[in-house]
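What follows is one structure encoded as C-alpha cells, with my remarks underneath.
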Amino acid sequence: QVQLVESGGGLVQAGGSLRLSCAASGRTGSVLTMGWFRQAPGKEREFVSAISWGGGSRYYGASVKGRFTIARDNAKNTVYLQMNILKPEYTAVYYCAADRTTPQAMSRMTGPVGVDYWGKGTLVTVSS
C-alpha cells in the first residue's frame, strides 16, 4: 500500500500562486507515476498533471499548460505542483495520485477509476 498526503492548499486571489505538495509513504517503490487531479463542485474529477519516476516525462492538462509545473523529489518521496497565474475556475479539491502506469496513461484517466492510490485532497480556492 502507498499513502499519499497533500498539503499547501488554501485561499488565493486570482493571478496569485500556490505550491501543493504530496508526500508518499509505504511501498513507494511499487509506483512509477505520480500526479494530480482536481474536482470542482458538481464536476467530474479531471487530470491536471503527472510525472514519471525519474522526472523525464511530464504531462499537463490543456487548461493548466504553461501555468502549472510539476516536479518530484525522490529522496523525500514528494511531488510538487507549482500553480501560477491562478484563475477562479481553478477552484477545486486537488488530489494527489500514484500509479504503476506511465504519465501518458495517467493523463488519459478520468474520474477516480483506474488510479492505484489517492490522497484525501486539499482545497484550493481562487477568489476573483
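Within each chain, counting starts at residue 1; across the C-alpha cells, chains are named A, B, ... in the order shown, with ligands numbered 1 upward in that order.
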
Item to check | Polymer residues at most 8 Å from Ser7 (chain A), only C-alpha atoms, same-chain spacing of 4 or more positions, as a PyMOL selection string | outcome: chain A and resi 20-22+122

Using the selection just defined, write its residues with N, CA and C atoms as a compact mmCIF listing (two decimals), in the first residue's frame.
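Full text of part35.txt as output:
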```txt
# COMPACT_ATOMS: atom_id res chain seq x y z
N LEU A 20 1.47 23.14 -4.17
CA LEU A 20 0.96 21.96 -3.48
C LEU A 20 2.09 20.94 -3.33
N SER A 21 2.02 20.20 -2.24
CA SER A 21 2.97 19.12 -2.00
C SER A 21 2.19 17.84 -1.73
N CYS A 22 2.80 16.71 -2.09
CA CYS A 22 2.22 15.42 -1.81
C CYS A 22 3.33 14.50 -1.34
N THR A 122 -6.71 18.34 -1.13
CA THR A 122 -6.51 19.63 -0.48
C THR A 122 -7.28 20.68 -1.28
```

Counting only C-alpha atoms, which residues of region 10-86 of chain A sit at most 12 Å from some atom of region 94-107 of chain A, and what is each one's closest atom pair with its distance in Å to one decimal, listed by chain and rising residue number, as CSV?
```
residue,atom,partner,partner_atom,distance
A:Gly10,CA,A:Tyr94,CA,10.8
A:Leu18,CA,A:Tyr94,CA,11.9
A:Arg19,CA,A:Tyr94,CA,11.4
A:Leu20,CA,A:Tyr94,CA,8.7
A:Ser21,CA,A:Cys96,CA,8.6
A:Cys22,CA,A:Cys96,CA,6.3
A:Ala23,CA,A:Cys96,CA,9.0
A:Ala24,CA,A:Ala98,CA,8.7
A:Ser25,CA,A:Ala98,CA,11.0
A:Gly26,CA,A:Ala98,CA,11.8
A:Arg27,CA,A:Ala98,CA,11.0
A:Thr28,CA,A:Ala98,CA,8.9
A:Gly29,CA,A:Arg100,CA,9.6
A:Ser30,CA,A:Arg100,CA,6.7
A:Val31,CA,A:Arg100,CA,4.5
A:Leu32,CA,A:Arg100,CA,4.9
A:Thr33,CA,A:Asp99,CA,5.4
A:Met34,CA,A:Ala98,CA,4.4
A:Gly35,CA,A:Ala97,CA,5.0
A:Trp36,CA,A:Cys96,CA,4.7
A:Phe37,CA,A:Tyr95,CA,5.2
A:Arg38,CA,A:Tyr94,CA,4.3
A:Gln39,CA,A:Tyr94,CA,6.6
A:Ala40,CA,A:Tyr94,CA,8.8
A:Pro41,CA,A:Tyr94,CA,11.7
A:Arg45,CA,A:Tyr95,CA,9.0
A:Glu46,CA,A:Ser107,CA,9.1
A:Phe47,CA,A:Ser107,CA,6.0
A:Val48,CA,A:Ser107,CA,7.7
A:Ser49,CA,A:Ser107,CA,7.0
A:Ala50,CA,A:Pro103,CA,5.2
A:Ile51,CA,A:Pro103,CA,5.7
A:Ser52,CA,A:Pro103,CA,5.9
A:Trp53,CA,A:Thr102,CA,9.2
A:Gly54,CA,A:Pro103,CA,11.3
A:Gly55,CA,A:Pro103,CA,10.0
A:Gly56,CA,A:Pro103,CA,10.1
A:Ser57,CA,A:Pro103,CA,6.8
A:Arg58,CA,A:Pro103,CA,6.5
A:Tyr59,CA,A:Pro103,CA,6.3
A:Tyr60,CA,A:Ser107,CA,7.4
A:Gly61,CA,A:Ser107,CA,7.3
A:Ala62,CA,A:Ser107,CA,10.4
A:Ile70,CA,A:Cys96,CA,11.6
A:Asn77,CA,A:Ala98,CA,11.3
A:Thr78,CA,A:Cys96,CA,10.4
A:Val79,CA,A:Cys96,CA,8.6
A:Tyr80,CA,A:Cys96,CA,9.5
A:Leu81,CA,A:Cys96,CA,9.7
A:Met83,CA,A:Tyr94,CA,11.5
```

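Between CA of Gly15 (chain A) and CA of Ser63 (chain A) the interatomic distance comes to 14.9 Å.
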
Item to check | DSSP-assigned helix (DSSP H, G or I) among chain A, expressed as an NGL selection string | outcome: :A and (28-30 or 88-90 or 103-107)

Selected residues, N, CA and C atoms, written as a tab-separated table (two decimals), in the first residue's frame, please.
```
chain	number	residue	atom	x	y	z
A	28	THR	N	6.46	2.80	-1.83
A	28	THR	CA	6.58	3.77	-2.92
A	28	THR	C	7.35	3.23	-4.11
A	29	GLY	N	8.15	2.20	-3.89
A	29	GLY	CA	8.88	1.61	-4.99
A	29	GLY	C	7.99	0.89	-5.98
A	30	SER	N	6.74	0.69	-5.62
A	30	SER	CA	5.81	-0.03	-6.50
A	30	SER	C	5.13	0.89	-7.50
A	88	PRO	N	-10.13	31.86	-11.07
A	88	PRO	CA	-11.23	31.37	-10.21
A	88	PRO	C	-11.75	30.00	-10.62
A	89	GLU	N	-11.70	29.70	-11.91
A	89	GLU	CA	-12.20	28.40	-12.36
A	89	GLU	C	-11.28	27.25	-11.96
A	90	TYR	N	-10.16	27.55	-11.38
A	90	TYR	CA	-9.27	26.52	-10.85
A	90	TYR	C	-9.64	26.10	-9.44
A	103	PRO	N	3.04	8.27	-17.14
A	103	PRO	CA	2.38	9.58	-17.10
A	103	PRO	C	1.42	9.78	-18.27
A	104	GLN	N	1.79	9.29	-19.42
A	104	GLN	CA	0.90	9.44	-20.57
A	104	GLN	C	-0.43	8.72	-20.32
A	105	ALA	N	-0.34	7.51	-19.78
A	105	ALA	CA	-1.56	6.76	-19.49
A	105	ALA	C	-2.38	7.45	-18.40
A	106	MET	N	-1.70	7.99	-17.39
A	106	MET	CA	-2.43	8.69	-16.33
A	106	MET	C	-3.15	9.91	-16.90
A	107	SER	N	-2.55	10.57	-17.87
A	107	SER	CA	-3.17	11.77	-18.45
A	107	SER	C	-4.47	11.46	-19.15
```

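In this model, the gap between CA of Asn84 (chain A) and CA of Lys43 (chain A) comes to 22.3 Å.
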